[in-house]
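This is coords-v7.csv. It holds CSV, C-alpha atoms.
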```csv
chain,number,residue,atom,x,y,z
A,1,MET,CA,110.8,94.8,99.9
A,2,VAL,CA,114.1,92.9,99.9
A,3,HIS,CA,115.1,94.1,103.3
A,4,ILE,CA,114.1,91.5,105.8
A,5,SER,CA,113.3,93.0,109.3
A,6,ASP,CA,114.4,91.8,112.7
A,7,GLY,CA,112.5,88.9,114.2
A,8,VAL,CA,111.1,87.5,111.0
A,9,LEU,CA,113.6,84.7,110.3
A,10,ASP,CA,114.8,81.8,112.5
A,11,PRO,CA,118.1,82.6,114.2
A,12,TRP,CA,120.0,79.9,112.4
A,13,LEU,CA,119.2,81.5,109.1
A,14,TRP,CA,120.4,85.0,109.8
A,15,GLU,CA,123.4,83.7,111.8
A,16,SER,CA,124.5,81.7,108.8
A,17,GLY,CA,123.8,84.9,106.7
A,18,TRP,CA,126.4,86.7,108.8
A,19,ALA,CA,128.9,83.9,108.4
A,20,ILE,CA,128.6,83.9,104.6
A,21,THR,CA,128.7,87.7,104.5
A,22,ILE,CA,131.9,87.9,106.6
A,23,ALA,CA,133.6,85.2,104.6
A,24,ILE,CA,132.8,86.9,101.2
A,25,LEU,CA,133.7,90.3,102.6
A,26,ALA,CA,137.1,89.2,103.8
A,27,TYR,CA,137.9,87.7,100.4
A,28,THR,CA,136.7,90.5,98.2
A,29,LEU,CA,138.2,93.3,100.4
A,30,SER,CA,141.6,91.5,100.3
A,31,LYS,CA,141.4,91.9,96.5
A,32,MET,CA,140.6,95.6,96.6
A,33,LYS,CA,143.1,98.0,95.0
A,34,THR,CA,143.6,101.7,95.6
A,35,GLU,CA,142.3,102.6,92.1
A,36,ASP,CA,139.1,100.7,92.7
A,37,VAL,CA,138.1,102.8,95.7
A,38,PRO,CA,136.6,105.9,94.0
A,39,ARG,CA,134.5,103.7,91.7
A,40,LEU,CA,133.4,101.6,94.6
A,41,SER,CA,132.3,104.6,96.6
A,42,VAL,CA,130.3,106.2,93.8
A,43,ILE,CA,128.4,103.0,93.0
A,44,THR,CA,127.8,102.4,96.7
A,45,ALA,CA,126.3,105.9,97.0
A,46,ALA,CA,124.0,105.1,94.0
A,47,VAL,CA,122.9,101.7,95.5
A,48,PHE,CA,122.4,103.4,98.9
A,49,VAL,CA,120.0,106.0,97.6
A,50,ALA,CA,118.3,103.7,95.1
A,51,SER,CA,116.3,101.9,97.7
A,52,LEU,CA,114.5,105.2,98.5
A,53,ILE,CA,112.9,105.3,95.1
A,54,HIS,CA,109.6,103.6,95.7
A,55,ILE,CA,106.9,102.4,93.3
A,56,SER,CA,103.5,101.4,94.8
A,57,ILE,CA,102.3,98.2,93.2
A,58,GLY,CA,99.2,96.2,94.3
A,59,PRO,CA,99.4,95.3,98.0
A,60,THR,CA,103.0,96.5,98.6
A,61,SER,CA,105.6,99.1,97.8
A,62,VAL,CA,108.7,98.1,95.9
A,63,HIS,CA,111.9,100.0,95.5
A,64,PHE,CA,115.1,99.8,93.3
A,65,ILE,CA,117.8,97.4,94.4
A,66,LEU,CA,120.6,98.0,91.7
A,67,ASN,CA,122.5,94.9,92.8
A,68,GLY,CA,122.9,93.6,89.2
A,69,PHE,CA,124.1,97.1,88.2
A,70,ALA,CA,126.6,97.0,91.0
A,71,GLY,CA,127.8,93.6,89.9
A,72,VAL,CA,128.4,94.8,86.3
A,73,MET,CA,130.1,98.0,87.4
A,74,LEU,CA,132.3,96.6,90.3
A,75,GLY,CA,132.9,92.9,89.7
A,76,ILE,CA,133.5,91.1,93.0
A,77,LEU,CA,133.7,94.4,94.8
A,78,ALA,CA,129.9,94.6,94.4
A,79,PHE,CA,129.6,92.5,97.6
A,80,PRO,CA,131.3,95.1,99.9
A,81,CYS,CA,129.3,97.8,98.0
A,82,ILE,CA,126.0,96.1,98.8
A,83,PHE,CA,127.1,95.4,102.4
A,84,VAL,CA,128.0,99.0,103.1
A,85,ALA,CA,124.9,100.4,101.4
A,86,LEU,CA,122.8,98.0,103.5
A,87,VAL,CA,124.4,99.1,106.8
A,88,LEU,CA,123.8,102.7,106.0
A,89,GLN,CA,120.2,102.0,104.9
A,90,CYS,CA,119.6,100.1,108.1
A,91,PHE,CA,120.8,102.8,110.5
A,92,LEU,CA,119.8,105.9,108.6
A,93,PHE,CA,116.5,104.9,106.9
A,94,GLY,CA,115.4,102.0,109.1
A,95,HIS,CA,115.2,99.7,106.2
A,96,GLY,CA,115.5,96.1,107.4
A,97,GLY,CA,116.8,94.9,110.7
A,98,ILE,CA,120.2,95.0,112.3
A,99,SER,CA,120.5,91.2,112.9
A,100,THR,CA,119.4,90.6,109.3
A,101,ILE,CA,122.1,92.8,107.6
A,102,GLY,CA,124.1,89.6,107.0
A,103,ILE,CA,121.4,87.6,105.3
A,104,ASN,CA,120.2,90.7,103.4
A,105,ALA,CA,123.7,91.2,102.1
A,106,VAL,CA,123.8,87.6,101.0
A,107,ASN,CA,120.3,88.0,99.3
A,108,MET,CA,121.5,91.0,97.2
A,109,GLY,CA,125.3,90.5,97.1
A,110,VAL,CA,125.5,86.9,95.9
A,111,PRO,CA,123.1,87.6,93.0
A,112,ALA,CA,125.3,90.7,92.2
A,113,LEU,CA,128.4,88.4,92.0
A,114,ILE,CA,126.4,86.0,89.7
A,115,ALA,CA,125.3,89.0,87.6
A,116,TYR,CA,129.0,89.9,87.2
A,117,LEU,CA,129.8,86.3,86.2
A,118,ILE,CA,127.1,86.5,83.5
A,119,PHE,CA,128.5,89.8,82.3
A,120,LYS,CA,132.1,88.6,82.3
A,121,THR,CA,131.3,85.3,80.5
A,122,GLY,CA,129.1,87.1,78.0
A,123,THR,CA,131.4,89.9,77.0
A,124,ARG,CA,134.7,88.3,78.0
A,125,LEU,CA,135.5,91.8,79.3
A,126,ASP,CA,136.3,92.8,75.8
A,127,ILE,CA,134.8,96.3,76.2
A,128,ARG,CA,135.4,98.7,73.4
A,129,PRO,CA,133.2,101.2,71.6
A,130,GLU,CA,132.9,98.5,68.8
A,131,THR,CA,131.5,95.9,71.1
A,132,LYS,CA,128.9,98.3,72.5
A,133,LYS,CA,125.9,96.2,71.5
A,134,LYS,CA,127.2,93.0,73.1
A,135,VAL,CA,128.1,94.9,76.3
A,136,SER,CA,124.6,96.5,76.5
A,137,LEU,CA,122.9,93.2,75.9
A,138,PHE,CA,124.8,91.3,78.6
A,139,GLY,CA,124.6,94.4,80.9
A,140,ALA,CA,120.9,94.3,80.6
A,141,ILE,CA,120.7,90.5,81.2
A,142,ALA,CA,123.0,90.8,84.3
A,143,GLY,CA,121.0,93.7,85.6
A,144,GLY,CA,117.7,91.8,85.4
A,145,VAL,CA,119.1,88.5,86.6
A,146,GLY,CA,120.6,90.1,89.7
A,147,VAL,CA,117.2,91.3,90.9
A,148,VAL,CA,115.4,88.1,90.0
A,149,LEU,CA,117.9,86.0,91.9
A,150,ALA,CA,117.7,88.3,94.9
A,151,LEU,CA,113.9,87.9,94.9
A,152,LEU,CA,114.1,84.2,94.7
A,153,LEU,CA,116.5,84.0,97.6
A,154,LEU,CA,114.1,86.3,99.6
A,155,ALA,CA,111.1,84.1,98.7
A,156,ALA,CA,113.0,80.9,99.7
A,157,GLU,CA,113.9,82.4,103.1
A,158,LEU,CA,110.3,83.6,103.7
A,159,ILE,CA,109.1,80.1,102.9
A,160,THR,CA,111.2,78.7,105.8
A,161,THR,CA,109.1,80.9,108.1
A,162,GLY,CA,106.0,79.0,107.1
A,163,GLU,CA,104.7,81.2,104.2
A,164,GLU,CA,103.0,79.5,101.3
A,165,LEU,CA,105.6,78.4,98.6
A,166,TYR,CA,103.7,79.3,95.5
A,167,GLU,CA,101.9,82.4,96.8
A,168,THR,CA,105.0,84.0,98.2
A,169,THR,CA,107.1,83.5,95.1
A,170,VAL,CA,104.4,84.8,92.9
A,171,LEU,CA,103.8,87.8,95.1
A,172,VAL,CA,107.4,88.7,95.6
A,173,VAL,CA,108.5,88.3,92.0
A,174,GLY,CA,105.2,89.5,90.5
A,175,THR,CA,105.2,92.9,92.3
A,176,HIS,CA,108.8,93.4,91.2
A,177,VAL,CA,108.4,92.9,87.5
A,178,PRO,CA,108.6,96.7,86.8
A,179,ILE,CA,111.8,96.9,88.9
A,180,ILE,CA,113.3,94.0,87.0
A,181,VAL,CA,112.6,95.6,83.7
A,182,ILE,CA,113.7,99.1,84.6
A,183,GLU,CA,116.9,97.9,86.2
A,184,ALA,CA,117.7,95.7,83.2
A,185,ILE,CA,117.3,98.6,80.8
A,186,PHE,CA,119.1,101.0,83.0
A,187,THR,CA,122.1,98.7,83.5
A,188,GLY,CA,122.2,97.8,79.8
A,189,VAL,CA,122.1,101.4,78.6
A,190,LEU,CA,124.7,102.5,81.1
A,191,ALA,CA,127.0,99.6,80.3
A,192,GLY,CA,126.7,100.5,76.6
A,193,PHE,CA,127.3,104.2,77.3
A,194,ILE,CA,130.4,103.5,79.3
A,195,ALA,CA,131.7,101.1,76.7
A,196,THR,CA,131.5,104.0,74.2
A,197,VAL,CA,132.8,106.9,76.2
A,198,ALA,CA,135.1,105.4,78.9
A,199,PRO,CA,135.7,101.7,78.4
A,200,GLU,CA,138.7,101.9,80.8
A,201,LEU,CA,136.1,102.4,83.7
A,202,PHE,CA,135.4,98.6,83.6
A,203,GLY,CA,139.2,98.1,84.0
A,204,LYS,CA,140.8,94.9,84.9
A,205,LYS,CA,138.6,93.2,87.5
B,1,MET,CA,26.5,129.9,133.4
B,2,ASN,CA,28.5,132.5,131.6
B,3,THR,CA,31.0,132.9,134.4
B,4,ILE,CA,31.5,129.1,134.6
B,5,ARG,CA,32.1,128.9,130.9
B,6,SER,CA,34.6,131.7,131.0
B,7,LEU,CA,36.4,130.1,133.9
B,8,VAL,CA,36.7,126.8,132.0
B,9,VAL,CA,38.1,128.7,129.0
B,10,LEU,CA,40.6,130.4,131.3
B,11,ALA,CA,41.6,127.1,132.9
B,12,LEU,CA,42.1,125.6,129.4
B,13,ILE,CA,44.2,128.5,128.3
B,14,LEU,CA,46.3,128.2,131.5
B,15,ILE,CA,46.9,124.5,131.0
B,16,LEU,CA,47.9,125.1,127.4
B,17,CYS,CA,50.3,127.8,128.4
B,18,MET,CA,51.9,125.6,131.0
B,19,ALA,CA,52.3,122.8,128.5
B,20,LEU,CA,54.1,125.2,126.2
B,21,ILE,CA,56.4,126.6,128.8
B,22,CYS,CA,57.4,123.2,130.4
B,23,PRO,CA,60.4,121.4,128.9
B,24,PRO,CA,59.3,118.5,126.7
B,25,ALA,CA,60.0,114.9,127.7
B,26,SER,CA,60.4,115.8,131.3
B,27,ALA,CA,58.7,112.6,132.3
B,28,HIS,CA,60.8,110.2,130.2
B,29,ARG,CA,63.5,107.9,131.7
B,30,VAL,CA,66.9,108.6,130.3
B,31,ILE,CA,69.3,105.8,129.4
B,32,VAL,CA,72.9,106.4,128.6
B,33,GLN,CA,75.1,103.6,127.4
B,34,GLY,CA,78.9,103.8,127.3
B,35,ARG,CA,80.9,101.5,125.1
B,36,VAL,CA,84.4,101.5,123.5
B,37,SER,CA,83.9,99.5,120.4
B,38,GLU,CA,87.3,99.3,118.7
B,39,ILE,CA,90.9,100.2,118.5
B,40,GLN,CA,92.3,101.0,115.1
B,41,VAL,CA,95.7,99.9,113.8
B,42,LYS,CA,97.1,101.4,110.6
B,43,ALA,CA,100.2,100.0,108.9
B,44,TYR,CA,102.0,101.5,105.9
B,45,PHE,CA,105.4,101.7,104.3
B,46,GLY,CA,107.6,104.7,104.7
B,47,GLY,CA,109.3,106.5,101.8
B,48,GLY,CA,107.0,109.4,100.8
B,49,ASP,CA,104.1,107.6,99.2
B,50,ALA,CA,102.9,105.9,102.5
B,51,ALA,CA,101.7,102.8,100.6
B,52,PRO,CA,99.4,100.7,102.9
B,53,MET,CA,100.6,97.3,104.1
B,54,ALA,CA,97.6,95.4,102.6
B,55,ASP,CA,96.7,91.9,103.8
B,56,ALA,CA,99.5,92.1,106.4
B,57,ASN,CA,99.4,89.7,109.3
B,58,VAL,CA,98.5,91.4,112.5
B,59,GLU,CA,99.1,90.1,116.0
B,60,ILE,CA,97.7,91.9,119.0
B,61,TYR,CA,99.2,91.3,122.5
B,62,ALA,CA,97.4,92.4,125.6
B,63,ILE,CA,99.7,93.8,128.3
B,64,LYS,CA,98.5,93.6,131.9
B,65,ASP,CA,100.8,94.2,134.9
B,66,GLY,CA,103.8,93.9,132.6
B,67,GLN,CA,102.6,90.5,131.5
B,68,GLU,CA,102.1,90.1,127.8
B,69,GLU,CA,99.8,87.6,126.2
B,70,LEU,CA,98.6,87.0,122.7
B,71,TYR,CA,95.1,88.4,122.5
B,72,LEU,CA,94.2,87.9,118.9
B,73,THR,CA,95.5,87.6,115.4
B,74,GLY,CA,94.1,88.7,112.0
B,75,LYS,CA,94.8,90.3,108.7
B,76,ALA,CA,94.8,94.0,107.7
B,77,ASP,CA,92.5,95.0,105.0
B,78,ALA,CA,93.4,96.5,101.6
B,79,ASP,CA,94.1,99.9,103.2
B,80,GLY,CA,96.4,98.4,105.8
B,81,MET,CA,93.8,98.9,108.5
B,82,PHE,CA,92.9,96.5,111.3
B,83,TYR,CA,90.3,97.0,114.0
B,84,PHE,CA,89.9,95.1,117.3
B,85,ALA,CA,87.7,95.4,120.4
B,86,PRO,CA,89.6,96.0,123.6
B,87,LYS,CA,89.5,93.6,126.4
B,88,ILE,CA,87.8,94.7,129.6
B,89,GLY,CA,90.4,95.9,132.2
B,90,VAL,CA,93.3,95.9,129.8
B,91,SER,CA,94.4,99.3,128.6
B,92,GLU,CA,97.8,98.5,126.9
B,93,TYR,CA,98.2,96.6,123.7
B,94,ARG,CA,101.1,95.9,121.4
B,95,ALA,CA,100.3,95.5,117.7
B,96,VAL,CA,102.8,93.6,115.5
B,97,VAL,CA,102.3,93.9,111.8
B,98,GLU,CA,104.2,91.7,109.3
B,99,ALA,CA,104.1,91.3,105.5
B,100,THR,CA,106.6,89.6,103.3
B,101,GLY,CA,109.6,90.0,105.5
B,102,HIS,CA,108.7,93.5,106.7
B,103,LYS,CA,107.8,93.9,110.3
B,104,GLY,CA,106.8,96.8,112.5
B,105,GLU,CA,105.2,97.3,115.9
B,106,GLU,CA,103.5,99.9,118.0
B,107,THR,CA,102.3,99.9,121.6
B,108,VAL,CA,98.9,101.5,122.2
B,109,ASN,CA,98.1,102.6,125.7
B,110,LEU,CA,94.5,103.7,126.3
B,111,ALA,CA,95.3,105.2,129.7
B,112,GLU,CA,98.0,107.5,128.2
B,113,GLY,CA,95.9,109.0,125.4
B,114,ALA,CA,95.2,106.1,123.1
B,115,GLY,CA,98.1,105.7,120.8
B,116,ILE,CA,98.4,108.3,118.1
B,117,MET,CA,98.2,111.8,119.5
B,118,GLU,CA,98.8,114.8,117.2
B,119,ALA,CA,102.5,115.1,117.9
B,120,GLU,CA,103.0,111.4,117.4
B,121,GLN,CA,101.0,111.6,114.1
B,122,ALA,CA,103.3,114.4,112.9
B,123,GLU,CA,106.3,112.4,113.9
B,124,ALA,CA,105.1,109.3,112.0
B,125,GLU,CA,104.4,111.4,108.9
B,126,LYS,CA,107.9,112.8,109.1
B,127,GLU,CA,109.3,109.4,109.4
B,128,ALA,CA,107.4,108.3,106.3
B,129,ASN,CA,108.8,111.1,104.2
B,130,LEU,CA,112.0,111.1,102.3
B,131,PRO,CA,114.9,111.3,104.8
B,132,ILE,CA,117.0,114.0,103.3
B,133,THR,CA,119.3,114.3,106.4
B,134,GLY,CA,119.8,110.5,106.2
B,135,ILE,CA,120.9,110.7,102.6
B,136,ILE,CA,123.4,113.5,103.4
B,137,THR,CA,124.7,111.6,106.4
B,138,GLY,CA,125.1,108.5,104.3
B,139,PHE,CA,127.1,110.3,101.7
B,140,GLY,CA,129.3,111.7,104.5
B,141,TYR,CA,129.9,108.2,105.9
B,142,LEU,CA,130.7,106.9,102.4
B,143,ALA,CA,133.3,109.6,101.8
B,144,GLY,CA,134.9,108.7,105.1
B,145,LEU,CA,134.9,105.0,104.4
B,146,ALA,CA,136.4,105.7,100.9
B,147,GLY,CA,139.2,107.7,102.6
B,148,ILE,CA,139.9,104.9,105.1
B,149,ALA,CA,139.9,102.3,102.3
B,150,MET,CA,142.3,104.5,100.3
B,151,ILE,CA,144.7,104.7,103.2
B,152,ILE,CA,144.6,100.9,103.8
B,153,THR,CA,145.1,99.9,100.2
B,154,ALA,CA,147.8,102.6,99.7
B,155,ARG,CA,149.7,101.2,102.7
B,156,LYS,CA,149.4,97.7,101.2
B,157,MET,CA,150.9,99.0,97.9
B,158,LYS,CA,153.7,100.8,99.7
B,159,LYS,CA,154.7,97.6,101.6
B,160,LYS,CA,154.7,95.7,98.3
B,161,TYR,CA,157.1,98.1,96.8
B,162,GLU,CA,159.3,98.2,99.8
B,163,ASN,CA,159.6,94.4,99.7
B,164,LYS,CA,160.7,94.6,96.1
```

Translate this file's structure into structure tokens.
Amino acid sequence: MVHISDGVLDPWLWESGWAITIAILAYTLSKMKTEDVPRLSVITAAVFVASLIHISIGPTSVHFILNGFAGVMLGILAFPCIFVALVLQCFLFGHGGISTIGINAVNMGVPALIAYLIFKTGTRLDIRPETKKKVSLFGAIAGGVGVVLALLLLAAELITTGEELYETTVLVVGTHVPIIVIEAIFTGVLAGFIATVAPELFGKK
Amino acid sequence: MNTIRSLVVLALILILCMALICPPASAHRVIVQGRVSEIQVKAYFGGGDAAPMADANVEIYAIKDGQEELYLTGKADADGMFYFAPKIGVSEYRAVVEATGHKGEETVNLAEGAGIMEAEQAEAEKEANLPITGIITGFGYLAGLAGIAMIITARKMKKKYENK
């Protein structure tokens, strides 16, 4: 549901979406190191396939986004991860429009960066088996917040097309409650697990 | 007297037989009415479960001689269905369905077999299913991209060391 199709938004909106996306992409990719690439690829594969898992709720069908998860696992590289996943989803699955890849990347990628910020502030990146509880907690918060922020951005953009403010927000966020809960738990559990078995995976980001 | 009576009986039997043999209602006027009452539009999400696009906004455009004009607008029902009566003399319609940022469209041409034929239905169902080939292709692209990213970042590292 978070993939906006072609021809829904006004041109200025998706054009500025592309501008923001290209700027963030250029910055984050310049910070990429060789040792980040395998991790980035694996998480991108997960995010790419996640949107195929659907749950039918009420009048619509919702799917996983995993943007908060990407933020926790990848740091600022979550943005290129989401962008690449979106491009592949668009061309291979027909999710979302081509002109809206930019704005969709902003919708999901910027919340991913914010999720990382929450995770980083909460844990101070002090990730050891001993700090597992804290890592799990902030992982879960980041995983949930990433999705919520993405939905709020989507709702805000739909409102500019003339949809009802209250109705749209309630519909968009309400139908995604299970997604928010599942992704929060998933991210929290996984972050805790990695803190126990392979804390070096989080690395220096 | 007797002969007359037997003649009358014979005549009656004859009339009865004819009434039985003749097709019924031969003297009734037949009225046949032809009417195409509605075109059906169905909208649903892909991804295996084919969840209907309930309450989606529907716009129907009538296409005549390549000219397109908005014919009517409405809302799909809870099953993602929308019905409309065709316009006289127009056989081509474009249906645009939109719900919370999702948009899809389909052109229906009555002259060319009215929209969904069996082959098209099968194709639509295939599209709605899980795209296994798409997933595999995507992984292939990702592996390629990872390789390219590795080369670029490795080259950057090499340059850094050379400068030192």

Item checked: One-decimal distance in Å that lies between atom CA of Val72 of chain A and atom CA of Gly192 of chain A -> 11.4 Å

Check: Which value, in Å to one decimal, gives the distance between atom CA of Gly140 of chain B and atom CA of Val106 of chain A?
Finding: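 Computed distance, atom CA of Gly140 of chain B to atom CA of Val106 of chain A, equals 25.0 Å.
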
Note to self: Can you tell me which residues surround Ile39 of chain B at a distance of at most 8 Å, considering all atoms listed in the file, apart from same-chain residues fewer than 3 positions away, and format the answer as an MDAnalysis selection string?
What the structure shows: chainID B and resid 83:86

Within 6 Å of chain A: each chain B residue with its shortest pair, only C-alpha atoms, as CSV:
```
residue,atom,partner,partner_atom,distance
B:Ala54,CA,A:Pro59,CA,4.9
B:Gly101,CA,A:Ile4,CA,4.8
B:His102,CA,A:Ser5,CA,5.3
B:Lys103,CA,A:Ser5,CA,5.7
B:Gly134,CA,A:Leu92,CA,5.2
B:Met150,CA,A:Thr34,CA,5.6
B:Thr153,CA,A:Thr34,CA,5.2
B:Ala154,CA,A:Thr34,CA,5.9
```

Around (104.1, 94.1, 112.6) in the file's frame, which residues reach within 9 Å when counting all atoms listed in the file? Return as a PDB file with C-alpha atoms, in the coordinates of the input?
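Final output, saved to selection.pdb:
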```pdb
ATOM      1  CA  ALA B  43     100.200 100.000 108.900  1.00  0.00           C
ATOM      2  CA  ALA B  56      99.500  92.100 106.400  1.00  0.00           C
ATOM      3  CA  ASN B  57      99.400  89.700 109.300  1.00  0.00           C
ATOM      4  CA  VAL B  58      98.500  91.400 112.500  1.00  0.00           C
ATOM      5  CA  GLU B  59      99.100  90.100 116.000  1.00  0.00           C
ATOM      6  CA  ALA B  95     100.300  95.500 117.700  1.00  0.00           C
ATOM      7  CA  VAL B  96     102.800  93.600 115.500  1.00  0.00           C
ATOM      8  CA  VAL B  97     102.300  93.900 111.800  1.00  0.00           C
ATOM      9  CA  GLU B  98     104.200  91.700 109.300  1.00  0.00           C
ATOM     10  CA  ALA B  99     104.100  91.300 105.500  1.00  0.00           C
ATOM     11  CA  HIS B 102     108.700  93.500 106.700  1.00  0.00           C
ATOM     12  CA  LYS B 103     107.800  93.900 110.300  1.00  0.00           C
ATOM     13  CA  GLY B 104     106.800  96.800 112.500  1.00  0.00           C
ATOM     14  CA  GLU B 105     105.200  97.300 115.900  1.00  0.00           C
ATOM     15  CA  GLU B 106     103.500  99.900 118.000  1.00  0.00           C
TER      16      GLU B 106
END
```

Notebook entry, point to check: Can you tell me how far atom CA of Ser99 of chain A sits from atom CA of Glu69 of chain B, in Å to one decimal?
Noted result: 24.9 Å

Note to self: List the spatial neighbours of Ile43 of chain A as number ranges by chain - criterion: any atom at most 10 Å away, all atoms listed in the file, same-chain residues fewer than 5 positions off excluded.
What the structure shows: A: 38, 48, 66, 69-71, 73-74, 78, 81-82, 85

Within 12 Å of Thr121 of chain A, counting only C-alpha atoms, which residues show up once you throw out same-chain ones fewer than 6 positions away? Write them as a PDB file with C-alpha atoms, in the frame of the given file, please.
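Everything below was put into selection_37.pdb:
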```
ATOM      1  CA  VAL A  72     128.400  94.800  86.300  1.00  0.00           C
ATOM      2  CA  ILE A 114     126.400  86.000  89.700  1.00  0.00           C
ATOM      3  CA  ALA A 115     125.300  89.000  87.600  1.00  0.00           C
ATOM      4  CA  LYS A 134     127.200  93.000  73.100  1.00  0.00           C
ATOM      5  CA  VAL A 135     128.100  94.900  76.300  1.00  0.00           C
ATOM      6  CA  PHE A 138     124.800  91.300  78.600  1.00  0.00           C
ATOM      7  CA  GLY A 139     124.600  94.400  80.900  1.00  0.00           C
ATOM      8  CA  ILE A 141     120.700  90.500  81.200  1.00  0.00           C
ATOM      9  CA  ALA A 142     123.000  90.800  84.300  1.00  0.00           C
TER      10      ALA A 142
END
```

Notebook entry, point to check: Between A:Val181, A:Ile20, A:Leu125, A:Leu149, which is the closest to Pro199 of chain A once you count only C-alpha atoms?
Noted result: A:Leu125

Note to self: For a cutoff of 12 Å around the file-coordinate point (124.2, 95.3, 71.0), which residues qualify once you count all atoms listed in the file? I'd like the result as a ChimeraX atom specification.
What the structure shows: /A:122-123,127-141,188-189,191-193,195-196

Note to self: From the options B:Leu12, B:Ile136, B:Ile4, B:Val41, which residue's atoms come nearest to Met81 of chain B, counting only C-alpha atoms?
What the structure shows: B:Val41
